[in-house]
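The file data-v2.txt contains compact mmCIF, C-alpha atoms:
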```txt
# COMPACT_ATOMS: atom_id res chain seq x y z
CA MET E 22 1.24 -24.16 0.80
CA ILE E 23 1.62 -22.14 -2.40
CA TYR E 24 5.20 -21.53 -3.51
CA LEU E 25 6.03 -18.46 -5.59
CA SER E 26 9.13 -17.26 -7.40
CA LEU E 27 10.18 -13.59 -7.48
CA GLY E 28 12.71 -12.01 -9.81
CA SER E 29 13.88 -8.55 -10.90
CA ASN E 30 16.66 -7.29 -13.14
CA MET E 31 15.68 -3.67 -13.78
CA GLY E 32 15.98 -0.63 -11.54
CA ASP E 33 16.35 -1.12 -7.79
CA ARG E 34 16.03 -4.90 -7.83
CA MET E 35 15.87 -5.37 -4.06
CA ALA E 36 13.23 -2.66 -3.75
CA PHE E 37 11.05 -4.27 -6.40
CA LEU E 38 11.30 -7.65 -4.66
CA GLN E 39 10.36 -6.03 -1.33
CA LEU E 40 7.41 -4.24 -2.92
CA ALA E 41 6.20 -7.52 -4.39
CA VAL E 42 6.49 -9.25 -1.00
CA GLY E 43 4.36 -6.55 0.64
CA MET E 44 1.72 -6.62 -2.07
CA ILE E 45 1.53 -10.42 -1.99
CA GLU E 46 0.88 -10.31 1.77
CA TYR E 47 -2.05 -7.94 1.26
CA ARG E 48 -3.48 -9.25 -1.99
CA ILE E 49 -2.92 -13.02 -1.85
CA GLY E 50 -2.39 -14.32 1.68
CA SER E 51 -0.15 -14.78 4.67
CA ILE E 52 3.51 -15.34 3.82
CA GLN E 53 4.80 -18.27 5.89
CA CYS E 54 8.42 -18.44 4.74
CA ILE E 55 10.81 -16.57 2.49
CA SER E 56 14.23 -17.45 1.13
CA THR E 57 17.33 -15.33 1.01
CA VAL E 58 17.98 -13.39 -2.19
CA TYR E 59 20.39 -14.57 -4.85
CA GLU E 60 21.98 -12.68 -7.70
CA THR E 61 21.68 -14.91 -10.74
CA PRO E 62 22.56 -14.69 -14.43
CA PRO E 63 19.64 -14.34 -16.85
CA TRP E 64 18.24 -17.69 -18.00
CA GLY E 65 17.62 -18.09 -21.73
CA PHE E 66 18.56 -14.55 -22.85
CA GLU E 67 21.26 -11.87 -22.58
CA SER E 68 20.64 -9.20 -19.97
CA SER E 69 21.79 -7.82 -16.63
CA PRO E 70 21.76 -10.18 -13.61
CA PHE E 71 18.58 -10.92 -11.68
CA PHE E 72 17.81 -10.86 -8.00
CA ASN E 73 15.75 -13.97 -7.24
CA ALA E 74 13.93 -15.36 -4.21
CA CYS E 75 11.12 -17.78 -3.36
CA LEU E 76 8.39 -17.68 -0.74
CA GLY E 77 5.59 -19.82 0.64
CA VAL E 78 2.12 -18.34 1.19
CA THR E 79 -1.23 -19.63 2.41
CA SER E 80 -4.32 -18.33 0.65
CA THR E 81 -8.02 -18.91 0.13
CA LEU E 82 -7.67 -17.86 -3.52
CA SER E 83 -7.90 -20.38 -6.35
CA PRO E 84 -4.88 -20.95 -8.62
CA ASP E 85 -6.37 -18.72 -11.33
CA GLU E 86 -7.11 -16.00 -8.77
CA VAL E 87 -3.54 -16.14 -7.44
CA LEU E 88 -2.16 -15.77 -10.96
CA THR E 89 -4.53 -12.86 -11.65
CA GLU E 90 -3.26 -11.10 -8.54
CA LEU E 91 0.38 -11.73 -9.48
CA LEU E 92 -0.22 -10.22 -12.91
CA ALA E 93 -1.87 -7.18 -11.27
CA ILE E 94 1.15 -6.74 -8.99
CA GLU E 95 3.51 -6.95 -11.96
CA THR E 96 1.51 -4.28 -13.79
CA PHE E 97 1.45 -1.98 -10.75
CA LEU E 98 5.23 -2.34 -10.41
CA GLY E 99 5.82 -1.29 -13.99
CA ARG E 100 6.30 -4.55 -15.84
CA LYS E 101 5.53 -4.02 -19.49
CA ARG E 102 4.75 -7.12 -21.50
CA THR E 103 5.32 -7.09 -25.27
CA LYS E 104 4.45 -9.45 -28.09
CA THR E 105 8.16 -10.13 -28.69
CA GLU E 106 8.93 -13.82 -28.33
CA GLY E 107 11.36 -15.04 -25.70
CA TYR E 108 12.53 -13.79 -22.32
CA GLN E 109 13.01 -10.12 -21.52
CA ALA E 110 14.35 -7.86 -18.77
CA ARG E 111 11.68 -6.80 -16.28
CA THR E 112 11.15 -4.78 -13.12
CA ILE E 113 9.41 -7.75 -11.53
CA ASP E 114 8.65 -11.33 -12.51
CA LEU E 115 6.26 -13.38 -10.38
CA ASP E 116 5.38 -17.03 -10.95
CA ILE E 117 3.40 -19.75 -9.21
CA LEU E 118 5.77 -22.69 -8.81
CA PHE E 119 3.47 -25.03 -6.89
CA TYR E 120 -0.11 -24.68 -5.68
CA LYS E 121 -0.05 -27.42 -3.04
CA ASN E 122 0.16 -30.69 -5.04
CA LYS E 123 -2.14 -29.51 -7.79
CA VAL E 124 -1.43 -30.52 -11.40
CA LEU E 125 -3.02 -28.26 -14.00
CA ASP E 126 -2.56 -27.48 -17.69
CA THR E 127 -4.80 -24.80 -19.19
CA ALA E 128 -4.36 -21.92 -21.61
CA PHE E 129 -4.05 -19.61 -18.57
CA LEU E 130 -1.93 -21.60 -16.13
CA THR E 131 0.31 -24.67 -15.93
CA LEU E 132 1.06 -26.30 -12.57
CA PRO E 133 3.64 -27.12 -11.43
CA HIS E 134 5.52 -24.38 -13.25
CA PRO E 135 7.29 -25.85 -16.32
CA ARG E 136 11.05 -26.53 -16.29
CA ILE E 137 11.57 -25.97 -12.56
CA GLU E 138 13.96 -28.92 -12.57
CA GLN E 139 16.22 -27.10 -15.07
CA ARG E 140 16.57 -23.82 -13.20
CA LYS E 141 19.04 -23.28 -10.39
CA PHE E 142 17.74 -19.76 -9.81
CA ILE E 143 14.48 -21.37 -8.67
CA LEU E 144 15.69 -24.59 -7.08
CA THR E 145 18.41 -23.08 -4.88
CA PRO E 146 16.24 -20.52 -3.03
CA LEU E 147 13.29 -22.92 -3.02
CA THR E 148 15.42 -25.59 -1.34
CA GLU E 149 15.89 -23.21 1.61
CA ILE E 150 12.18 -23.09 2.39
CA ALA E 151 10.77 -26.26 0.80
CA GLY E 152 13.62 -28.74 0.42
CA ASP E 153 11.42 -31.66 1.52
CA PHE E 154 8.51 -30.76 -0.77
CA THR E 155 7.97 -33.48 -3.39
CA HIS E 156 7.37 -32.49 -7.00
CA PRO E 157 4.00 -34.09 -7.87
CA LEU E 158 5.14 -35.10 -11.37
CA PHE E 159 8.74 -36.19 -10.77
CA ALA E 160 8.32 -37.81 -7.33
CA GLN E 161 11.55 -36.12 -6.20
CA THR E 162 12.02 -33.55 -3.47
CA ILE E 163 13.14 -30.02 -4.30
CA ASP E 164 16.45 -30.77 -2.60
CA GLU E 165 16.95 -33.82 -4.82
CA LEU E 166 16.04 -31.85 -7.94
CA ASN E 167 18.51 -29.16 -6.93
CA GLN E 168 21.31 -31.67 -6.43
CA ASN E 169 20.58 -33.34 -9.79
CA CYS E 170 20.11 -30.11 -11.75
CA GLU E 171 22.53 -29.72 -14.67
CA ASP E 172 22.21 -25.93 -14.76
CA GLU E 173 25.75 -24.57 -14.23
CA ALA E 174 24.72 -21.00 -13.46
CA GLU E 175 26.68 -19.38 -10.63
CA LEU E 176 24.44 -17.94 -7.93
CA ILE E 177 25.61 -15.35 -5.40
CA GLN E 178 23.77 -15.41 -2.07
CA LEU E 179 23.19 -11.87 -0.78
CA SER E 180 23.40 -10.83 2.86
CA LYS E 181 20.53 -8.35 2.62
CA LYS E 182 17.22 -10.03 3.40
CA LEU E 183 13.62 -9.36 2.44
CA ILE E 184 11.38 -8.23 5.30
CA LEU E 185 7.96 -9.70 6.00
CA THR E 186 5.28 -7.01 6.11
CA LYS E 187 3.18 -6.41 9.24
CA LYS E 188 -0.28 -6.26 7.74
CA LYS E 189 -2.59 -3.41 8.80
CA ASP E 190 -6.39 -3.70 8.65
CA PHE E 191 -7.23 0.02 8.88
CA ILE E 192 -5.00 2.73 7.41
CA ALA E 193 -5.83 6.44 7.53
CA ILE E 194 -4.24 9.22 5.48
CA GLU E 195 -3.83 12.63 7.12
CA GLY E 196 -2.39 16.00 6.14
CA THR E 197 -3.31 19.63 5.59
CA ILE E 198 -5.95 20.77 3.09
CA GLY E 199 -4.68 20.09 -0.44
CA ALA E 200 -1.89 17.72 0.65
CA GLY E 201 -3.13 14.98 -1.70
CA LYS E 202 -4.81 12.65 0.80
CA THR E 203 -7.54 11.35 -1.51
CA ALA E 204 -5.17 10.78 -4.44
CA PHE E 205 -2.79 8.96 -2.08
CA ALA E 206 -5.61 6.81 -0.71
CA HIS E 207 -6.66 5.79 -4.23
CA ARG E 208 -3.10 4.87 -5.18
CA LEU E 209 -2.52 2.90 -1.99
CA ASN E 210 -5.76 1.03 -2.54
CA GLU E 211 -4.60 0.12 -6.06
CA ALA E 212 -1.58 -1.52 -4.45
CA LEU E 213 -3.32 -3.28 -1.57
CA ASN E 214 -6.68 -4.09 -3.17
CA GLY E 215 -8.67 -3.11 -0.10
CA GLN E 216 -11.71 -0.89 0.44
CA LEU E 217 -11.76 2.90 0.35
CA LEU E 218 -13.35 5.12 2.97
CA LEU E 219 -13.37 8.60 1.43
CA GLU E 220 -14.66 11.60 3.33
CA ARG E 221 -17.96 12.57 1.79
CA PHE E 222 -18.08 15.94 0.13
CA TYR E 223 -20.36 17.51 2.69
CA ASP E 224 -22.29 20.70 1.97
CA ASN E 225 -21.68 22.10 5.44
CA PRO E 226 -24.21 24.95 5.78
CA TYR E 227 -21.77 27.04 7.81
CA LEU E 228 -18.60 26.58 5.77
CA ALA E 229 -18.88 29.54 3.38
CA ASP E 230 -19.73 31.81 6.29
CA PHE E 231 -16.81 30.41 8.28
CA TYR E 232 -14.30 31.44 5.61
CA LYS E 233 -15.81 34.95 5.69
CA ASP E 234 -16.06 35.23 9.50
CA PRO E 235 -14.10 32.37 11.17
CA GLU E 236 -14.59 33.55 14.74
CA ALA E 237 -18.39 33.68 14.51
CA TYR E 238 -18.92 30.37 12.72
CA ALA E 239 -16.04 28.15 13.89
CA LEU E 240 -17.97 26.18 16.51
CA LEU E 241 -20.94 25.62 14.21
CA VAL E 242 -18.80 24.48 11.28
CA GLU E 243 -16.57 22.16 13.36
CA THR E 244 -19.54 20.57 15.16
CA ALA E 245 -21.33 19.94 11.88
CA PHE E 246 -18.21 18.32 10.38
CA LEU E 247 -17.71 16.13 13.46
CA GLU E 248 -21.28 14.85 13.38
CA GLU E 249 -21.10 14.14 9.64
CA ARG E 250 -17.82 12.23 9.98
CA VAL E 251 -19.11 10.14 12.89
CA ASN E 252 -22.27 9.35 10.91
CA GLN E 253 -20.14 8.20 7.98
CA TYR E 254 -18.03 5.96 10.24
CA ASN E 255 -21.17 4.45 11.78
CA SER E 256 -22.61 3.66 8.36
CA PHE E 257 -19.36 2.42 6.80
CA PHE E 258 -18.19 0.12 9.60
CA SER E 259 -21.63 -1.45 10.02
CA GLU E 260 -21.18 -3.21 6.66
CA GLU E 261 -19.09 -6.28 5.81
CA LEU E 262 -15.74 -4.89 4.71
CA LYS E 263 -12.92 -5.97 2.42
CA LEU E 264 -9.70 -5.42 4.33
CA PRO E 265 -7.64 -3.35 4.49
CA VAL E 266 -9.76 -0.23 4.88
CA ILE E 267 -7.96 2.82 3.52
CA ALA E 268 -9.42 6.16 4.61
CA ASP E 269 -8.46 9.65 3.48
CA TYR E 270 -9.10 11.00 7.00
CA SER E 271 -9.21 9.96 10.64
CA LEU E 272 -11.67 11.23 13.22
CA GLU E 273 -8.79 12.92 15.03
CA LYS E 274 -8.79 15.36 12.13
CA SER E 275 -11.85 16.95 13.72
CA LEU E 276 -10.06 17.55 17.00
CA LEU E 277 -6.99 19.00 15.27
CA PHE E 278 -8.95 21.46 13.12
CA ALA E 279 -11.09 22.47 16.09
CA SER E 280 -7.99 23.20 18.15
CA LYS E 281 -6.88 25.66 15.48
CA ASN E 282 -10.25 27.27 14.81
CA LEU E 283 -11.99 27.52 18.18
CA SER E 284 -11.51 29.74 21.19
CA LYS E 285 -10.30 28.00 24.35
CA LYS E 286 -13.78 28.10 25.89
CA ASP E 287 -15.44 26.65 22.79
CA PHE E 288 -12.71 24.05 22.35
CA ASP E 289 -13.17 22.77 25.91
CA ALA E 290 -16.86 22.21 25.22
CA TYR E 291 -16.12 20.72 21.79
CA GLN E 292 -13.68 18.19 23.24
CA LYS E 293 -16.38 16.75 25.49
CA LYS E 294 -18.68 16.23 22.52
CA TYR E 295 -15.82 14.81 20.44
CA PHE E 296 -14.84 12.16 23.00
CA ASN E 297 -18.45 11.24 23.62
CA LEU E 298 -19.11 10.65 19.91
CA THR E 299 -15.82 8.97 18.97
CA GLN E 300 -14.77 6.81 21.92
CA ALA E 301 -16.49 3.70 20.51
CA GLN E 302 -15.36 4.28 16.90
CA PRO E 303 -12.64 2.12 15.31
CA LYS E 304 -9.18 3.63 15.31
CA PRO E 305 -6.67 3.19 12.47
CA ASP E 306 -3.79 0.76 12.93
CA LEU E 307 -1.58 3.26 11.15
CA VAL E 308 -1.84 6.90 10.09
CA LEU E 309 0.18 8.11 7.11
CA LEU E 310 0.83 11.82 7.59
CA LEU E 311 1.49 13.59 4.28
CA GLN E 312 3.78 16.59 4.21
CA GLN E 313 3.32 19.00 1.31
CA THR E 314 4.53 22.50 0.45
CA VAL E 315 1.99 25.28 0.95
CA SER E 316 2.40 26.35 -2.71
CA GLN E 317 1.59 22.83 -3.97
CA ALA E 318 -1.32 22.51 -1.55
CA LEU E 319 -2.74 25.81 -2.83
CA TYR E 320 -2.29 24.59 -6.41
CA ASN E 321 -4.14 21.37 -5.60
CA ILE E 322 -6.95 23.33 -3.95
CA LYS E 323 -7.27 25.53 -7.02
CA GLN E 324 -7.28 22.53 -9.36
CA ARG E 325 -10.15 20.75 -7.58
CA GLY E 326 -12.23 23.91 -7.92
CA ARG E 327 -14.35 24.00 -4.77
CA ALA E 328 -15.54 27.59 -4.68
CA PHE E 329 -15.56 27.95 -0.89
CA GLU E 330 -11.88 26.86 -0.68
CA GLN E 331 -10.48 29.38 -3.13
CA SER E 332 -10.06 32.07 -0.45
CA ILE E 333 -7.93 29.88 1.84
CA ALA E 334 -4.83 31.87 2.78
CA PRO E 335 -1.27 30.49 2.93
CA ALA E 336 -1.10 31.55 6.59
CA TYR E 337 -4.05 29.27 7.42
CA LEU E 338 -2.38 26.30 5.72
CA ASN E 339 0.83 27.04 7.62
CA SER E 340 -1.18 27.06 10.83
CA LEU E 341 -2.67 23.66 9.98
CA GLU E 342 0.75 22.26 9.07
CA ASN E 343 2.06 23.36 12.47
CA GLY E 344 -1.01 21.81 14.04
CA TYR E 345 -0.19 18.45 12.45
CA LYS E 346 3.36 18.69 13.74
CA GLU E 347 2.02 19.21 17.26
CA TRP E 348 -0.55 16.44 16.80
CA ARG E 349 2.19 14.06 15.64
CA LYS E 350 3.93 14.47 19.01
CA THR E 351 0.83 13.86 21.13
CA THR E 352 -1.37 11.36 19.29
CA ALA E 353 -1.56 7.80 20.61
CA LEU E 354 -2.04 6.52 17.06
CA ASP E 355 0.85 4.84 15.26
CA CYS E 356 1.94 7.40 12.68
CA VAL E 357 4.56 7.68 9.95
CA GLU E 358 5.36 10.84 8.00
CA PHE E 359 5.61 10.87 4.20
CA ASP E 360 7.35 13.80 2.54
CA LEU E 361 5.70 14.57 -0.81
CA THR E 362 7.51 17.84 -1.47
CA THR E 363 9.73 16.40 -4.21
CA LEU E 364 7.35 13.70 -5.48
CA ASP E 365 4.46 13.71 -7.93
CA PHE E 366 3.00 10.20 -8.01
CA VAL E 367 -0.04 11.39 -10.00
CA LYS E 368 2.02 12.42 -13.03
CA GLN E 369 4.89 10.00 -12.33
CA PRO E 370 3.52 6.68 -10.95
CA GLU E 371 7.02 5.45 -10.11
CA ASP E 372 7.25 8.23 -7.47
CA PHE E 373 4.82 6.16 -5.41
CA TYR E 374 7.20 3.20 -5.09
CA PRO E 375 9.47 4.65 -2.34
CA LEU E 376 6.36 5.71 -0.39
CA LEU E 377 4.86 2.23 -0.65
CA LEU E 378 8.20 0.71 0.31
CA ALA E 379 8.35 2.88 3.44
CA PHE E 380 4.80 1.81 4.28
CA PHE E 381 5.67 -1.89 4.00
CA ARG E 382 8.80 -1.46 6.13
CA HIS E 383 7.00 0.35 8.95
```

How would this structure read if it were set down as structure tokens?
Amino acid sequence: MIYLSLGSNMGDRMAFLQLAVGMIEYRIGSIQCISTVYETPPWGFESSPFFNACLGVTSTLSPDEVLTELLAIETFLGRKRTKTEGYQARTIDLDILFYKNKVLDTAFLTLPHPRIEQRKFILTPLTEIAGDFTHPLFAQTIDELNQNCEDEAELIQLSKKLILTKKKDFIAIEGTIGAGKTAFAHRLNEALNGQLLLERFYDNPYLADFYKDPEAYALLVETAFLEERVNQYNSFFSEELKLPVIADYSLEKSLLFASKNLSKKDFDAYQKKYFNLTQAQPKPDLVLLLQQTVSQALYNIKQRGRAFEQSIAPAYLNSLENGYKEWRKTTALDCVEFDLTTLDFVKQPEDFYPLLLAFFRH
């Protein structure tokens, strides 16, 4: 077992701890146990109180790899390290306390973590989940170290608990044209350290004509897109993958767009082809449905500069948005809606935190 310490004393402290828990589950390994959260005074410097907790995780990563991942999580969650000596306030602080019984002292990592025996904010939560674990250097259990600790800090046990994340292996992002699906997929992959499946920019030979004469070219354009997407799935999922897979579309996108663009007769025929081509394809464990204003979607479309998209009308985007609302009610896929109308995680990275938190809690 690997035991980790989590702390935060800036911003929404409980949210930062929960975000760290979720990212650890995806990036490091399976969390086996987690303590309650304690409010604790800062240790070794003057600052606002911390929220602290400990957890136990199993992992195939080496000690150096675990530390590298913890540092990446801290960076993602906004921790800024400076050259100033001493302790400082931080959005998140993550440490390896014990990596099994390993003893290590290098320029990069010391194990067990130094001065554990002096710190109540570590020993008290750690006793909850690893009281019988024996410190490999002191030959005392964590419970014994906690009882003998001379640290007089007063800890307040909180009633609110951290939630263990239900890990998903395949996550798809959906939403209308210009909703920000690809940008969202990139940002989520930064957090989870998985593998991206991005819809290929496909030079559909019927697309430009479709925007000029939708009725005449709808079946041709939708069939070509369906075949291209299925071909991409076949190629992608035939390779060895790094989980989780994060895609900026699901195959059900084809059915939804076809339902809006095709006549009833053509759609009936299209559905048969769709189910024949997709029934054996992997389905996402979770779909994240992005909601965006039409004005912002049009702005995003303009910014990415694809010539054939510049004539897309607001009415068409409204139609697609309504289509997603209908799809949300009928799809068998597990789906959660994310409202982006007041958020801009591209310009303001911290806007992504509540979205990631909602993802971990689903």

Neighbouring residues of Tyr254 of chain E were defined as those with any atom within 10 Å, considering only C-alpha atoms; residues of the same chain fewer than 2 positions away were excluded. Please report them as a PyMOL selection string. chain E and resi 218+220+248-252+256-259+271-272+299+302-303

Calculated over only C-alpha atoms, which of the candidates E:Gln313, E:Ser180, E:Thr162, E:Ser83 has the smallest distance to Leu130 of chain E?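 Looking at the shortest contact to Leu130 of chain E, the residue is E:Ser83.
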
Give me the residues of segment 151-190 of chain E that have any atom at most 10 Å from an atom of segment 31-41 of chain E; for each, the nearest atom pair and the distance in Å, rounded to one decimal. Use all atoms listed in the file, sort by chain and number, and format it as a tab-separated table.
```
residue	atom	partner	partner_atom	distance
E:Lys181	CA	E:Met35	CA	8.7
E:Lys182	CA	E:Met35	CA	8.9
E:Leu183	CA	E:Gln39	CA	6.0
E:Ile184	CA	E:Gln39	CA	7.1
E:Leu185	CA	E:Gln39	CA	8.5
E:Thr186	CA	E:Gln39	CA	9.1
```

Leaving out segment 42-53 of chain E and any residue of its chain fewer than 2 positions from it, which residues lie within 9 Å of it when counting all atoms listed in the file, given as a PyMOL selection string? chain E and resi 22+27+37-40+55+76-82+86-87+90-91+94+183-189+212-215+264-265+377-378+381-382

Two-atom distance - atom CA of Gly99 of chain E, atom CA of Lys202 of chain E (Å):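 Interatomic distance here is 22.9 Å.
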
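Across the model, the gap from atom CA of Asn282 of chain E to atom CA of Pro235 of chain E is 7.4 Å.
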
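Of note, atom CA of Pro84 of chain E and atom CA of Lys141 of chain E are spaced 24.1 Å apart.
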
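Ranking E:Leu179, E:Leu376, E:Leu217, E:Leu115 by their shortest atom-to-atom distance to Thr363 of chain E, with only C-alpha atoms included, puts E:Leu376 first.
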
When distances are computed from all atoms listed in the file, which of E:Leu132, E:Leu354, E:Ala239, E:Val266 shows the smallest separation from Leu25 of chain E?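 Selected residue with least distance to Leu25 of chain E: E:Leu132.
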
Hey, what's within 10 Å of Asn167 of chain E if we count all atoms listed in the file and toss same-chain stuff fewer than 3 positions away? As a ChimeraX atom specification, please? /E:137-148,152,161-164,170-172
